[in-house]
>>> print(open('my_file-v7.txt').read())   # compact mmCIF, C-alpha atoms and all ligand atoms
# COMPACT_ATOMS: atom_id res chain seq x y z
CA MET A 26 -143.71 11.98 -11.98
CA THR A 27 -146.03 10.23 -14.34
CA ASN A 28 -145.47 6.71 -13.07
CA PHE A 29 -147.11 7.03 -9.65
CA LEU A 30 -149.78 4.50 -8.73
CA ASN A 31 -152.78 4.96 -6.47
CA THR A 32 -152.30 1.76 -4.48
CA LEU A 33 -151.32 1.02 -0.93
CA GLU A 34 -148.65 -1.33 -2.16
CA PHE A 35 -147.05 1.37 -4.29
CA ALA A 36 -147.13 3.89 -1.42
CA LYS A 37 -145.48 1.37 0.87
CA GLN A 38 -142.85 0.69 -1.75
CA LEU A 39 -142.00 4.41 -1.88
CA ASP A 40 -141.75 4.41 1.92
CA ASN A 41 -139.36 1.47 1.81
CA GLN A 42 -137.16 3.30 -0.67
CA ASP A 43 -137.27 6.54 1.35
CA PRO A 44 -133.94 7.09 3.20
CA LEU A 45 -135.73 9.33 5.73
CA HIS A 46 -138.57 6.92 6.49
CA SER A 47 -137.11 5.91 9.86
CA TYR A 48 -137.43 9.49 11.13
CA ARG A 49 -141.18 9.02 11.36
CA ASN A 50 -140.54 6.76 14.35
CA LYS A 51 -138.75 9.56 16.15
CA PHE A 52 -142.04 11.49 16.48
CA TYR A 53 -145.28 11.03 18.35
CA ILE A 54 -148.06 10.71 15.79
CA PRO A 55 -151.57 11.54 17.09
CA GLN A 56 -153.78 8.44 17.20
CA HIS A 57 -157.28 7.73 15.98
CA GLU A 58 -158.94 4.38 16.77
CA GLY A 59 -155.60 2.75 17.37
CA GLN A 60 -154.07 3.99 14.12
CA ASP A 61 -151.73 6.85 13.22
CA MET A 62 -153.70 9.86 12.11
CA VAL A 63 -152.85 11.39 8.76
CA TYR A 64 -151.22 14.53 10.08
CA PHE A 65 -151.03 17.21 7.39
CA THR A 66 -150.75 20.21 9.70
CA GLY A 67 -147.01 20.41 10.25
CA ASN A 68 -147.26 23.87 8.69
CA SER A 69 -149.31 24.96 11.69
CA LEU A 70 -147.84 22.96 14.58
CA GLY A 71 -145.12 20.41 13.88
CA LEU A 72 -145.25 17.10 15.74
CA GLN A 73 -143.33 16.36 18.91
CA PRO A 74 -139.96 14.61 18.60
CA LYS A 75 -139.70 11.78 21.13
CA THR A 76 -136.40 13.26 22.35
CA THR A 77 -137.91 16.62 23.31
CA LYS A 78 -138.68 15.55 26.86
CA ASP A 79 -135.06 14.44 27.39
CA TYR A 80 -133.75 17.81 26.29
CA LEU A 81 -136.19 19.52 28.65
CA GLN A 82 -135.36 17.12 31.46
CA GLN A 83 -131.66 17.97 31.11
CA GLU A 84 -132.35 21.63 31.86
CA LEU A 85 -134.76 20.80 34.69
CA ASN A 86 -132.11 18.55 36.22
CA ASP A 87 -129.43 21.21 35.93
CA TRP A 88 -131.77 23.81 37.42
CA ALA A 89 -132.50 21.43 40.32
CA ALA A 90 -128.82 20.66 40.84
CA TYR A 91 -127.30 24.11 40.45
CA GLY A 92 -129.95 26.81 40.81
CA VAL A 93 -128.57 30.07 39.47
CA GLU A 94 -125.16 28.50 38.98
CA GLY A 95 -126.67 26.63 36.06
CA HIS A 96 -125.90 29.71 34.00
CA PHE A 97 -122.30 28.46 34.08
CA LEU A 98 -122.42 24.87 35.38
CA ALA A 99 -125.25 23.38 33.34
CA LYS A 100 -124.21 20.88 30.70
CA ASN A 101 -125.25 23.51 28.18
CA PRO A 102 -124.54 26.68 30.16
CA TRP A 103 -127.59 28.95 30.07
CA MET A 104 -125.48 32.06 29.80
CA SER A 105 -124.64 31.24 26.21
CA TYR A 106 -127.36 28.69 25.45
CA HIS A 107 -128.64 30.56 22.39
CA GLU A 108 -125.19 30.36 20.83
CA ILE A 109 -125.33 26.58 20.52
CA LEU A 110 -128.41 26.98 18.32
CA THR A 111 -126.87 29.46 15.92
CA ASP A 112 -124.78 27.39 13.49
CA LYS A 113 -127.45 24.80 12.87
CA THR A 114 -130.16 27.42 12.47
CA ALA A 115 -127.96 29.36 10.06
CA LYS A 116 -127.66 26.24 7.89
CA ILE A 117 -131.44 25.87 7.73
CA VAL A 118 -131.95 29.37 6.36
CA GLY A 119 -128.73 29.69 4.34
CA ALA A 120 -127.07 32.36 6.44
CA LEU A 121 -123.75 33.09 8.11
CA PRO A 122 -123.76 32.30 11.84
CA SER A 123 -123.34 35.98 12.67
CA GLU A 124 -126.54 36.71 10.77
CA VAL A 125 -128.84 34.44 12.77
CA VAL A 126 -130.15 34.51 16.31
CA VAL A 127 -132.83 32.50 18.09
CA MET A 128 -134.94 34.80 20.26
CA ASN A 129 -138.46 35.91 21.20
CA GLN A 130 -141.50 35.15 19.08
CA LEU A 131 -142.08 35.76 15.41
CA THR A 132 -144.27 38.86 15.56
CA VAL A 133 -142.05 40.35 18.27
CA ASN A 134 -139.04 39.87 16.01
CA LEU A 135 -140.81 41.43 13.04
CA HIS A 136 -141.49 44.52 15.14
CA LEU A 137 -137.96 44.72 16.53
CA LEU A 138 -136.51 44.43 13.04
CA MET A 139 -138.91 46.98 11.58
CA VAL A 140 -137.87 49.42 14.29
CA SER A 141 -134.47 49.32 12.60
CA PHE A 142 -135.42 48.70 8.99
CA TYR A 143 -138.62 50.66 8.49
CA ARG A 144 -137.42 54.23 8.71
CA PRO A 145 -140.04 56.17 6.78
CA SER A 146 -139.49 59.73 5.58
CA LYS A 147 -141.93 62.16 3.93
CA GLN A 148 -140.60 61.03 0.58
CA ARG A 149 -140.14 57.29 1.27
CA TYR A 150 -142.71 55.79 3.58
CA LYS A 151 -144.53 53.02 1.73
CA ILE A 152 -144.47 49.31 2.48
CA LEU A 153 -145.21 46.73 -0.18
CA CYS A 154 -146.85 43.62 1.26
CA GLU A 155 -149.25 40.82 0.38
CA ALA A 156 -152.97 41.49 0.40
CA LYS A 157 -154.55 39.22 3.01
CA ALA A 158 -151.20 38.46 4.59
CA PHE A 159 -151.33 36.41 7.78
CA PRO A 160 -153.31 38.63 10.19
CA SER A 161 -150.46 39.11 12.64
CA ASP A 162 -148.28 40.50 9.85
CA GLN A 163 -151.06 42.84 8.74
CA TYR A 164 -151.45 44.18 12.28
CA ALA A 165 -147.72 44.53 12.69
CA LEU A 166 -147.36 46.46 9.44
CA GLN A 167 -150.38 48.67 10.09
CA SER A 168 -149.24 49.52 13.59
CA GLN A 169 -145.71 50.34 12.41
CA VAL A 170 -147.12 52.72 9.82
CA LYS A 171 -149.39 54.38 12.37
CA PHE A 172 -146.61 54.52 14.94
CA HIS A 173 -144.61 56.66 12.52
CA GLY A 174 -147.64 58.90 11.90
CA TYR A 175 -148.52 57.79 8.38
CA ASN A 176 -151.84 56.77 6.93
CA ILE A 177 -152.18 53.03 6.37
CA ASP A 178 -154.32 53.40 3.24
CA GLU A 179 -151.61 55.48 1.60
CA ALA A 180 -148.59 53.70 3.01
CA LEU A 181 -149.48 50.04 2.52
CA ILE A 182 -149.36 48.75 -1.03
CA GLU A 183 -151.04 45.36 -1.01
CA ILE A 184 -150.33 42.97 -3.84
CA ALA A 185 -153.18 40.57 -4.59
CA PRO A 186 -153.76 37.86 -7.18
CA ARG A 187 -155.67 39.15 -10.20
CA GLU A 188 -159.43 38.72 -10.33
CA GLY A 189 -160.25 35.03 -10.66
CA GLU A 190 -156.67 33.91 -9.92
CA TYR A 191 -155.05 32.52 -6.78
CA GLU A 192 -151.39 33.09 -7.55
CA VAL A 193 -149.78 36.50 -7.21
CA ARG A 194 -148.00 37.23 -10.47
CA HIS A 195 -144.41 38.27 -10.00
CA GLU A 196 -144.77 40.75 -12.87
CA ASP A 197 -147.39 42.53 -10.75
CA ILE A 198 -144.98 42.69 -7.81
CA PHE A 199 -142.23 44.13 -10.00
CA LYS A 200 -144.62 46.63 -11.53
CA ALA A 201 -145.75 47.83 -8.10
CA ILE A 202 -142.11 48.25 -7.07
CA GLU A 203 -141.40 50.27 -10.21
CA ASP A 204 -144.58 52.34 -9.88
CA ASN A 205 -143.61 53.31 -6.35
CA LYS A 206 -139.89 53.57 -6.84
CA ASP A 207 -139.52 56.98 -5.25
CA SER A 208 -141.76 56.35 -2.26
CA LEU A 209 -141.08 52.72 -1.38
CA ALA A 210 -139.29 52.29 1.96
CA LEU A 211 -139.79 48.59 2.60
CA ILE A 212 -140.90 45.36 1.01
CA MET A 213 -142.14 42.92 3.66
CA ILE A 214 -143.82 39.75 2.47
CA GLY A 215 -144.01 36.09 3.40
CA GLY A 216 -141.56 33.81 1.60
CA VAL A 217 -144.51 31.44 1.25
CA ASN A 218 -148.09 32.66 1.24
CA TYR A 219 -149.74 30.86 4.14
CA PHE A 220 -153.07 30.51 2.34
CA SER A 221 -152.20 29.49 -1.21
CA GLY A 222 -148.82 27.92 -0.47
CA GLN A 223 -147.26 30.04 -3.24
CA VAL A 224 -143.51 30.46 -2.84
CA PHE A 225 -142.17 33.84 -3.92
CA ASP A 226 -138.98 34.37 -5.87
CA MET A 227 -137.19 35.99 -2.97
CA LYS A 228 -133.94 36.55 -4.82
CA ALA A 229 -135.65 38.46 -7.63
CA ILE A 230 -137.78 40.49 -5.21
CA VAL A 231 -134.70 41.52 -3.24
CA GLU A 232 -132.97 42.62 -6.44
CA ALA A 233 -135.97 44.59 -7.63
CA GLY A 234 -136.40 46.22 -4.21
CA HIS A 235 -132.77 47.18 -3.83
CA LYS A 236 -132.70 48.64 -7.32
CA VAL A 237 -135.20 51.30 -6.26
CA GLY A 238 -133.57 51.87 -2.87
CA ALA A 239 -135.99 49.90 -0.68
CA ILE A 240 -135.17 47.53 2.18
CA VAL A 241 -136.41 43.95 1.73
CA GLY A 242 -137.48 41.67 4.59
CA PHE A 243 -139.33 38.34 4.68
CA ASP A 244 -141.59 36.55 7.10
CA LEU A 245 -140.45 32.96 6.81
CA ALA A 246 -142.99 31.32 9.12
CA HIS A 247 -143.84 28.93 6.28
CA GLY A 248 -140.39 28.94 4.74
CA ALA A 249 -138.00 27.90 7.51
CA GLY A 250 -137.57 24.13 7.53
CA ASN A 251 -139.69 23.84 4.39
CA LEU A 252 -137.69 25.47 1.59
CA LYS A 253 -134.03 25.63 0.77
CA LEU A 254 -133.31 29.24 1.65
CA GLN A 255 -130.19 31.27 0.88
CA LEU A 256 -130.82 34.43 2.82
CA HIS A 257 -127.20 35.55 2.74
CA ASP A 258 -126.61 35.00 -0.97
CA TRP A 259 -129.95 36.47 -1.92
CA ASN A 260 -128.88 39.61 -0.06
CA VAL A 261 -132.06 39.72 2.05
CA ASP A 262 -131.89 42.60 4.55
CA PHE A 263 -133.78 40.93 7.37
CA ALA A 264 -136.10 38.01 8.09
CA ALA A 265 -137.93 36.33 10.96
CA TRP A 266 -139.63 32.98 11.41
CA CYS A 267 -141.21 30.82 14.08
CA SER A 268 -139.99 27.38 15.12
CA TYR A 269 -143.25 25.63 15.94
CA LYS A 270 -144.40 25.03 12.35
CA TYR A 271 -142.02 23.08 10.10
CA LEU A 272 -139.28 23.28 12.73
CA ASN A 273 -141.18 21.20 15.34
CA GLY A 274 -140.12 23.25 18.37
CA GLY A 275 -143.48 22.92 20.12
CA PRO A 276 -146.36 25.31 20.78
CA GLY A 277 -145.26 28.94 21.05
CA CYS A 278 -141.59 27.96 20.83
CA VAL A 279 -138.82 30.55 20.54
CA ALA A 280 -138.41 32.17 17.10
CA GLY A 281 -135.55 33.12 14.78
CA ALA A 282 -134.24 36.30 13.22
CA PHE A 283 -131.83 37.16 10.43
CA VAL A 284 -130.03 40.42 9.71
CA HIS A 285 -127.63 40.49 6.78
CA GLU A 286 -124.00 40.92 7.70
CA LYS A 287 -123.75 44.14 5.68
CA HIS A 288 -125.85 45.88 8.36
CA HIS A 289 -123.89 44.65 11.38
CA LYS A 290 -121.32 47.42 11.44
CA ASN A 291 -123.92 50.13 11.18
CA THR A 292 -124.27 50.81 14.88
CA ASP A 293 -126.02 54.12 14.22
CA MET A 294 -129.09 52.20 13.12
CA PRO A 295 -131.91 52.83 15.59
CA LEU A 296 -133.00 49.84 17.63
CA PHE A 297 -134.86 48.97 20.78
CA ALA A 298 -132.11 47.75 23.07
CA GLY A 299 -131.88 45.36 25.98
CA TRP A 300 -129.01 43.96 28.00
CA TRP A 301 -128.69 40.78 25.90
CA GLY A 302 -127.77 42.91 22.88
CA HIS A 303 -124.88 44.50 24.78
CA ASP A 304 -121.27 43.58 24.07
CA LYS A 305 -120.70 40.32 25.96
CA ALA A 306 -117.25 41.17 27.33
CA THR A 307 -118.60 44.14 29.26
CA ARG A 308 -122.26 43.21 29.72
CA PHE A 309 -121.91 42.52 33.41
CA LYS A 310 -120.12 45.73 34.15
CA MET A 311 -123.66 47.07 33.93
CA ASP A 312 -122.52 50.41 32.58
CA ARG A 313 -124.98 53.09 31.59
CA GLU A 314 -123.90 53.18 27.99
CA PHE A 315 -125.21 50.53 25.56
CA VAL A 316 -122.38 48.93 23.57
CA PRO A 317 -123.99 46.92 20.78
CA ILE A 318 -122.83 43.45 19.74
CA GLN A 319 -121.61 43.60 16.12
CA SER A 320 -123.91 40.87 14.87
CA VAL A 321 -127.61 40.09 14.76
CA GLU A 322 -127.33 39.34 18.49
CA ARG A 323 -127.53 43.10 18.96
CA TRP A 324 -131.30 42.82 18.48
CA GLN A 325 -131.67 40.51 21.50
CA LEU A 326 -133.37 42.08 24.49
CA SER A 327 -133.70 39.55 27.26
CA ASN A 328 -131.82 36.59 28.64
CA ALA A 329 -132.77 33.41 26.87
CA PRO A 330 -135.88 31.25 27.50
CA ILE A 331 -133.92 28.05 28.17
CA LEU A 332 -136.83 25.61 28.40
CA SER A 333 -138.22 26.75 25.08
CA MET A 334 -134.76 26.65 23.52
CA ALA A 335 -134.17 23.13 24.83
CA ALA A 336 -137.33 21.95 23.06
CA TYR A 337 -136.17 23.71 19.91
CA LYS A 338 -132.73 22.11 20.19
CA ALA A 339 -134.23 18.61 20.21
CA SER A 340 -135.71 19.23 16.79
CA LEU A 341 -132.83 21.32 15.51
CA ASP A 342 -130.36 18.49 16.13
CA MET A 343 -132.55 16.27 13.96
CA PHE A 344 -132.70 18.84 11.17
CA ASP A 345 -128.94 19.10 11.31
CA GLU A 346 -128.51 15.36 11.11
CA VAL A 347 -130.75 15.11 8.03
CA GLY A 348 -130.01 18.42 6.32
CA MET A 349 -132.25 20.56 4.15
CA ASP A 350 -130.99 18.95 0.93
CA LYS A 351 -132.40 15.54 1.74
CA LEU A 352 -135.57 16.98 3.22
CA ASN A 353 -136.10 19.03 0.11
CA GLU A 354 -135.52 16.08 -2.17
CA LYS A 355 -138.10 13.98 -0.35
CA SER A 356 -140.50 16.88 -0.05
CA LYS A 357 -140.71 17.30 -3.81
CA VAL A 358 -141.69 13.67 -4.38
CA LEU A 359 -144.06 13.57 -1.41
CA THR A 360 -145.93 16.66 -2.56
CA ALA A 361 -145.97 15.48 -6.16
CA TYR A 362 -147.53 12.22 -4.93
CA LEU A 363 -150.23 14.18 -3.11
CA GLU A 364 -150.91 16.14 -6.28
CA PHE A 365 -151.18 12.87 -8.20
CA ILE A 366 -153.61 11.40 -5.67
CA VAL A 367 -155.79 14.50 -5.84
CA GLY A 368 -155.79 14.11 -9.62
CA GLU A 369 -156.90 10.48 -9.27
CA ILE A 370 -159.82 11.55 -7.08
CA ASN A 371 -160.77 14.20 -9.60
CA LYS A 372 -161.08 11.58 -12.33
CA GLN A 373 -163.81 9.90 -10.32
CA LYS A 374 -165.41 12.99 -8.84
CA ASN A 375 -165.95 15.42 -11.69
CA ASN A 376 -162.84 17.52 -11.01
CA CYS A 377 -164.35 18.83 -7.78
CA LEU A 378 -160.91 19.43 -6.24
CA GLU A 379 -158.92 22.40 -7.50
CA ILE A 380 -155.30 22.79 -6.44
CA ILE A 381 -154.60 26.51 -6.12
CA THR A 382 -150.93 26.16 -5.18
CA PRO A 383 -148.69 26.91 -8.16
CA LYS A 384 -146.93 23.76 -9.33
CA GLU A 385 -143.66 25.51 -10.08
CA ASN A 386 -143.58 27.65 -6.95
CA ARG A 387 -144.38 25.56 -3.93
CA GLY A 388 -142.90 23.85 -0.91
CA CYS A 389 -144.63 21.07 1.05
CA GLN A 390 -148.04 22.62 1.14
CA ILE A 391 -150.87 22.11 -1.30
CA SER A 392 -154.04 24.15 -0.91
CA ILE A 393 -157.13 22.57 -2.38
CA VAL A 394 -160.45 24.26 -3.11
CA ALA A 395 -163.15 21.64 -2.59
CA HIS A 396 -165.90 22.87 -4.93
CA GLY A 397 -169.40 22.31 -3.66
CA GLN A 398 -168.16 21.36 -0.19
CA GLY A 399 -168.40 23.12 3.12
CA LYS A 400 -166.87 22.76 6.54
CA ALA A 401 -168.77 19.48 6.98
CA LEU A 402 -166.11 17.87 4.80
CA TYR A 403 -163.36 19.02 7.14
CA ASN A 404 -165.26 17.74 10.17
CA LYS A 405 -165.69 14.39 8.49
CA LEU A 406 -161.99 14.22 7.64
CA ILE A 407 -161.15 14.74 11.31
CA GLU A 408 -163.68 12.07 12.33
CA ASN A 409 -161.97 9.71 9.91
CA GLY A 410 -158.48 10.25 11.21
CA VAL A 411 -157.12 13.02 8.97
CA ILE A 412 -155.89 16.35 10.32
CA PRO A 413 -155.70 18.90 7.52
CA ASP A 414 -156.24 22.60 7.96
CA TRP A 415 -159.43 24.32 6.91
CA ARG A 416 -159.81 27.90 5.69
CA GLU A 417 -163.19 29.39 4.94
CA PRO A 418 -165.06 29.06 2.71
CA ASN A 419 -163.80 25.74 1.29
CA VAL A 420 -160.01 25.49 1.24
CA ILE A 421 -158.20 22.45 2.59
CA ARG A 422 -154.51 23.03 3.26
CA CYS A 423 -152.40 19.87 3.33
CA ALA A 424 -148.72 19.94 4.21
CA PRO A 425 -147.08 16.53 4.03
CA VAL A 426 -143.73 17.21 5.67
CA PRO A 427 -140.70 15.18 4.67
CA MET A 428 -139.39 14.69 8.22
CA TYR A 429 -142.26 12.46 9.37
CA ASN A 430 -145.02 12.12 6.79
CA SER A 431 -145.10 8.97 4.68
CA PHE A 432 -146.32 8.08 1.23
CA GLU A 433 -148.77 5.77 2.96
CA ASP A 434 -150.23 8.85 4.73
CA ILE A 435 -150.96 10.32 1.34
CA TYR A 436 -152.48 7.14 -0.04
CA ARG A 437 -154.75 6.86 3.02
CA PHE A 438 -155.72 10.52 2.75
CA GLY A 439 -156.84 9.88 -0.83
CA GLU A 440 -158.78 6.81 0.16
CA ILE A 441 -160.60 8.62 2.97
CA LEU A 442 -161.28 11.76 0.95
CA LEU A 443 -162.69 9.78 -1.96
CA LYS A 444 -165.04 7.98 0.40
CA LEU A 445 -166.26 11.26 1.90
CA LEU A 446 -166.89 13.16 -1.32
C1 LIG A 501 -147.75 31.42 11.96
C2 LIG A 501 -147.55 32.79 11.47
C3 LIG A 501 -147.45 33.87 12.36
C4 LIG A 501 -147.63 33.68 13.84
O1 LIG A 501 -146.98 34.67 14.56
P1 LIG A 501 -146.54 34.43 16.08
O2 LIG A 501 -145.89 35.70 16.46
O3 LIG A 501 -145.62 33.25 16.09
O4 LIG A 501 -147.77 34.13 16.87
C5 LIG A 501 -147.20 35.13 11.83
N1 LIG A 501 -147.06 35.31 10.50
C6 LIG A 501 -147.16 34.29 9.61
C7 LIG A 501 -146.98 34.54 8.16
C8 LIG A 501 -147.42 33.01 10.08
O5 LIG A 501 -147.54 32.01 9.20
>>> encode(input="my_file-v7.txt", output="structure tokens", more="lines below")
Ligand SMILES: *Cc1c(COP(=O)(O)O)cnc(C)c1O
Amino acid sequence: MTNFLNTLEFAKQLDNQDPLHSYRNKFYIPQHEGQDMVYFTGNSLGLQPKTTKDYLQQELNDWAAYGVEGHFLAKNPWMSYHEILTDKTAKIVGALPSEVVVMNQLTVNLHLLMVSFYRPSKQRYKILCEAKAFPSDQYALQSQVKFHGYNIDEALIEIAPREGEYEVRHEDIFKAIEDNKDSLALIMIGGVNYFSGQVFDMKAIVEAGHKVGAIVGFDLAHGAGNLKLQLHDWNVDFAAWCSYKYLNGGPGCVAGAFVHEKHHKNTDMPLFAGWWGHDKATRFKMDREFVPIQSVERWQLSNAPILSMAAYKASLDMFDEVGMDKLNEKSKVLTAYLEFIVGEINKQKNNCLEIITPKENRGCQISIVAHGQGKALYNKLIENGVIPDWREPNVIRCAPVPMYNSFEDIYRFGEILLKLL
């Protein structure tokens, strides 16, 4: 994209040509001095669709009208509410419907899946993960290792960028897999590194992991709704993601889980069971024996959080209407425009902004090191109507999301940032 221009007129022209531009109006955009804020934090908490309250109201009305009978009489019967989310969620992550379920929270799902997929033995007990992974993932992995009685320093192989670099080199991942081929039980990394925005080659990592006999799972907190995923075709063993980041479900909203179809028939696999994972035909016989559902629904424990799911459905219906193809197409141009604008600022400001997100391996997010700047810059951005995300010591994460961010947002971000530097 060499023919971008750093003008408001040009940004508005791109917005006019954008087939998804009208979706911006379907969201509440936080306001600053009577103007839309530049919201670049959809990778942390997505904005609220204006329809969310209607979806919630529907369930409140049905609860008021029917009480417990709402499980069967509600417009979307609560008994099977999670099932109406499955097909559309499966499309977002590139899975078969039987491989996807909406349940719990992200870290909860990671634990439940590791109960089944991290089965260490004396010989094979190591987990390959990212150094400085999102803290919750680090705690989850460490506690799983300790739970099984292994030493975290020996069991966790953390892959970091090389000295002076920000991007993890795939050759280093493959080498670590090969070096530990007899002791590697599990590879568990984020599909997108939350800090650098680097997207990993999931397909290649799965292949390399399987070749040495390891299980491969991904945390897709920053992948779901951002990247075009093909979890089934890539032969991923398991994955989990949250719905409040790119998927706009709302704070703490219900999460998602994926287990590849090839594992569904293996009912000997250990798991922590609950009644919602029991065969539906006989669930209410309330027998002593657990009869597992032959799909990822087996990993469900509890009956579904309907209010949270209703909020998720509001956004999910929009994702389904638009589709990941169109979102992805727009996302590439939007992010390239942000990169261009950062470059324009650099021309005037001595290259003080360094983009650490790899150009060839990225989704929406661009992480920028602001050399010579401190948190004061972030505070000033907020005061001037921009909401980016700040990571110590001097990293600004910006995620222009294709569903509601505009090219004008990016132009204005550039204008404000230039003024503040
Ligand atoms: C956002 C995020 C989480 C948050 O976990 P919750 O269980 O939803 O609180 C975990 N891991 C990663 C990689 C994340 O980006």
>>> residues_near_ligand(input="my_file-v7.txt", ligand="ligand LIG 501 (chain A)", cutoff="6 Å", atoms="only C-alpha atoms and all ligand atoms", output="list in words")
Gln130, Leu131, Thr132, Phe159, Ser161, Asp162, Gly215, Tyr219, Asp244, Ala246, His247 and Cys267 of chain A
>>> residues_around(input="my_file-v7.txt", residues="Leu256 in chain A", least_positions_apart="2", cutoff="9 Å", atoms="only C-alpha atoms", output="number ranges by chain")
A: 118-121, 227-228, 254, 258-264, 283, 285
>>> residues_around(input="my_file-v7.txt", residues="Asn371 in chain A", least_positions_apart="6", cutoff="12 Å", atoms="all atoms listed in the file", output="PyMOL selection string")
chain A and resi 364-365+377-380+393-396+439+442-443+446
>>> residues_around(input="my_file-v7.txt", residues="range 421-433 of chain A", least_positions_apart="4", cutoff="8 Å", atoms="all atoms listed in the file", output="count of residues only")
39
>>> closest_residue(input="my_file-v7.txt", among="A:Tyr80, A:Phe35, A:Phe97, A:Trp103", to="Pro330 in chain A", atoms="all atoms listed in the file")
A:Trp103
>>> closest_residue(input="my_file-v7.txt", among="A:Pro55, A:Asp43, A:Met104, A:Gly234", to="Arg308 in chain A", atoms="all atoms listed in the file")
A:Met104
>>> closest_residue(input="my_file-v7.txt", among="A:Lys157, A:Lys374, A:Asn409, A:Ala229", to="Gly397 in chain A", atoms="all atoms listed in the file")
A:Lys374
>>> closest_residue(input="my_file-v7.txt", among="A:Arg144, A:His235, A:Lys270, A:Lys113", to="Gln73 in chain A", atoms="only C-alpha atoms")
A:Lys270
>>> residues_around(input="my_file-v7.txt", residues="Tyr106 in chain A", least_positions_apart="2", cutoff="9 Å", atoms="all atoms listed in the file", output="list in words")
His96, Asn101, Pro102, Trp103, Met104, Glu108, Ile109, Leu110, Ala329, Ile331, Met334 and Ala335 of chain A
>>> residues_around(input="my_file-v7.txt", residues="Lys100 in chain A", least_positions_apart="5", cutoff="10 Å", atoms="only C-alpha atoms", output="compact mmCIF listing (two decimals) with C-alpha atoms, in the coordinates of the input")
# COMPACT_ATOMS: atom_id res chain seq x y z
CA GLN A 83 -131.66 17.97 31.11
CA GLU A 84 -132.35 21.63 31.86
CA ASN A 86 -132.11 18.55 36.22
CA ASP A 87 -129.43 21.21 35.93
CA GLY A 95 -126.67 26.63 36.06
CA TYR A 106 -127.36 28.69 25.45
>>> atom_distance(input="my_file-v7.txt", atom1="CA of Ile198 in chain A", atom2="CA of Ala185 in chain A")
9.1 Å
>>> atom_distance(input="my_file-v7.txt", atom1="CA of Ser333 in chain A", atom2="CA of Ala265 in chain A")
17.1 Å
>>> axis_aligned_box(input="my_file-v7.txt", around="range 137-153 of chain A", padding_each_side="5 Å", output="AutoDock Vina command-line options")
--center_x -139.8 --center_y 53.3 --center_z 8.2 --size_x 20.7 --size_y 27.7 --size_z 26.7
>>> atom_distance(input="my_file-v7.txt", atom1="CA of Leu81 in chain A", atom2="CA of Gly274 in chain A")
11.6 Å
>>> residues_near_point(input="my_file-v7.txt", point="(-136.7, 27.5, -2.0)", cutoff="9 Å", atoms="all atoms listed in the file", output="PDB file with C-alpha atoms, in the coordinates of the input")
ATOM      1  CA  GLY A 216    -141.560  33.810   1.600  1.00  0.00           C
ATOM      2  CA  VAL A 224    -143.510  30.460  -2.840  1.00  0.00           C
ATOM      3  CA  PHE A 225    -142.170  33.840  -3.920  1.00  0.00           C
ATOM      4  CA  ASP A 226    -138.980  34.370  -5.870  1.00  0.00           C
ATOM      5  CA  MET A 227    -137.190  35.990  -2.970  1.00  0.00           C
ATOM      6  CA  GLY A 248    -140.390  28.940   4.740  1.00  0.00           C
ATOM      7  CA  ASN A 251    -139.690  23.840   4.390  1.00  0.00           C
ATOM      8  CA  LEU A 252    -137.690  25.470   1.590  1.00  0.00           C
ATOM      9  CA  LYS A 253    -134.030  25.630   0.770  1.00  0.00           C
ATOM     10  CA  LEU A 254    -133.310  29.240   1.650  1.00  0.00           C
ATOM     11  CA  GLN A 255    -130.190  31.270   0.880  1.00  0.00           C
ATOM     12  CA  ASN A 353    -136.100  19.030   0.110  1.00  0.00           C
ATOM     13  CA  ASN A 386    -143.580  27.650  -6.950  1.00  0.00           C
ATOM     14  CA  ARG A 387    -144.380  25.560  -3.930  1.00  0.00           C
ATOM     15  CA  GLY A 388    -142.900  23.850  -0.910  1.00  0.00           C
TER      16      GLY A 388
END
>>> closest_residue(input="my_file-v7.txt", among="A:Val321, A:Leu341, A:Val217, A:Leu181", to="Pro383 in chain A", atoms="only C-alpha atoms")
A:Val217
